[in-house]
Amino acid sequence: MLSSPEMEEKEAEVVEAPKPADWFNTLVSLQADLLYNCFTTLSSPFFTLLWAAFESYRRAEETTANVETVVQKLPSSITHGSTVLVKRVGLGLVGAAQMCMVLVFLMVLAAFVGIWLVQLWAEEPVFVREKLFFDYTEVNPTAVFCAGGGGFDGSCYRKKQMGVPVGHTFHVYLLLLMPESDFNREIGMFQLNAELLSINGDVIGESSQPVMLRFTSLPLRLARTFFMAIPLLLGISSETQKVKIEILRYKEEYPRSEAVRVTLAPRAGTLSLPQLYEAEIIMNSQLPWSKQLVHNWKWTLSVWTSLYVYMFFLILLVGCFRQLFFPFTASAGVERDASVEELREPVMGGRRNDRVEVSDLMSKWQHSRRKRKAIFLNKGVSEIAGSSASSMSLTREDKSAVIEEDVGDSESVCLGG
């Protein structure tokens, strides 16, 4: 048999042992706390927004109430303020119109300046197309095209052209319009010589190449004539061929080029030269890659340059010419100060009047209170006139105490006001 203390200890251990379901309750509470924390975290922004909206609405109501109170108390100041507001609105409209005109003028001026600066910076490719006239009085007909605008030959002084800028690579083409005559078909091949001349008259580039009409057989010519009879009779079409030949390719450098000389020469063993309706020379230059990039993005650069120029003009206007273009700023500042002072005066005057009225009321109330206490003291003295000297001294002490209390009360009231 176990003793009673051992039995009690075992019973206590049995009682204190954890129940099997405690871990389940702990797990459920942990999940509930987790869900609550997640919901609180997710919903906190919405509650914050609602709280901010409620606070703003409450403050707006308070501000509206304060404004209504001020309007009811100060109708004259509101009328004056509305007049000042109308004046300020008028001045604001005039200033806005003036500012709009100034800004539009600056924008147009900046656009012109920006485009002008980009045009100065960017280079244009040179394209020239001129007619050539060969001198058939010579054994070898020659024609000179002046590309640089005057120099060694007198012919270059008659017609001056813009020279090719340094760094450009230019191509020279010769366009010949030749009739499909039997004479030209019989001549066949002839030689075309081209020379590039410098300002000093030296040859800095040359080329020589054979040229001939494109061959067409007799059946093809007859068939074409049959089908094109009506256009040929009406003059819409003609029996000619255009021959385009690249005669020169050169990169402009020093010494500068001045002219192109073209010479026609017959083939060996003959003296016959081809028949020509007309001849044209075409010069087309190609920019370097950096300048070509600027040329391709010319309008984009013009827009950005105009924008920067416009910003510079605005800074210059605000920094240096404010009084000239904004004359209303100083007067508006003076009027604003004056209006503020005028609005302050009624408010300060009303506060002074309220203080004067409160002080008058307090002085009247103190005077009436002193009178009542004096009457009460006089009645008490008459009733106890036959009493002893000790009672008289006590009455005097009470009177002095009452007077001191009256003075203290008056001081406390004044301090509270």
# chains A, B, ... in the order shown; residues from 1 in each chain; ligands from 1

$ residues_around --residues "Arg267 of chain A" --least-positions-apart "4" --cutoff "8 Å" --atoms "only C-alpha atoms" --output "list in words"
Met189, Phe190, Gln191 and Leu271 of chain A

$ closest_atom_pairs --of "segment 195-218 of chain A" --to "segment 235-249 of chain A" --cutoff "8 Å" --atoms "only C-alpha atoms" --output "JSON lines"
{"residue": "A:Leu196", "atom": "CA", "partner": "A:Leu248", "partner_atom": "CA", "distance": 7.9}
{"residue": "A:Gly205", "atom": "CA", "partner": "A:Leu248", "partner_atom": "CA", "distance": 7.8}
{"residue": "A:Glu206", "atom": "CA", "partner": "A:Leu248", "partner_atom": "CA", "distance": 7.1}
{"residue": "A:Ser207", "atom": "CA", "partner": "A:Ile247", "partner_atom": "CA", "distance": 6.3}
{"residue": "A:Ser208", "atom": "CA", "partner": "A:Ile247", "partner_atom": "CA", "distance": 7.6}
{"residue": "A:Gln209", "atom": "CA", "partner": "A:Ile247", "partner_atom": "CA", "distance": 8.0}
{"residue": "A:Leu213", "atom": "CA", "partner": "A:Gln241", "partner_atom": "CA", "distance": 7.3}
{"residue": "A:Arg214", "atom": "CA", "partner": "A:Gln241", "partner_atom": "CA", "distance": 8.0}

$ write_last_selection --atoms "N, CA and C atoms" --output "JSON list (two decimals), in the first residue's frame"
[["chain", "number", "residue", "atom", "x", "y", "z"],
["A", 196, "LEU", "N", 40.26, 66.35, -114.96],
["A", 196, "LEU", "CA", 39.91, 67.23, -113.85],
["A", 196, "LEU", "C", 41.07, 68.19, -113.63],
["A", 205, "GLY", "N", 43.24, 64.70, -112.19],
["A", 205, "GLY", "CA", 42.51, 63.45, -112.39],
["A", 205, "GLY", "C", 42.06, 63.35, -113.82],
["A", 206, "GLU", "N", 42.09, 62.12, -114.37],
["A", 206, "GLU", "CA", 41.69, 61.94, -115.76],
["A", 206, "GLU", "C", 41.16, 60.52, -115.96],
["A", 207, "SER", "N", 40.40, 60.38, -117.05],
["A", 207, "SER", "CA", 39.87, 59.07, -117.43],
["A", 207, "SER", "C", 39.64, 59.07, -118.93],
["A", 208, "SER", "N", 39.64, 57.87, -119.52],
["A", 208, "SER", "CA", 39.40, 57.71, -120.95],
["A", 208, "SER", "C", 38.70, 56.38, -121.17],
["A", 209, "GLN", "N", 37.61, 56.39, -121.93],
["A", 209, "GLN", "CA", 36.84, 55.18, -122.14],
["A", 209, "GLN", "C", 36.11, 55.25, -123.48],
["A", 213, "LEU", "N", 26.84, 53.53, -129.62],
["A", 213, "LEU", "CA", 25.41, 53.33, -129.52],
["A", 213, "LEU", "C", 25.09, 51.87, -129.23],
["A", 214, "ARG", "N", 23.96, 51.66, -128.58],
["A", 214, "ARG", "CA", 23.51, 50.29, -128.35],
["A", 214, "ARG", "C", 23.05, 49.69, -129.69]]

$ closest_residue --among "A:Val262, A:Leu316, A:His295, A:Pro288" --to "Pro141 of chain A" --atoms "only C-alpha atoms"
A:Val262
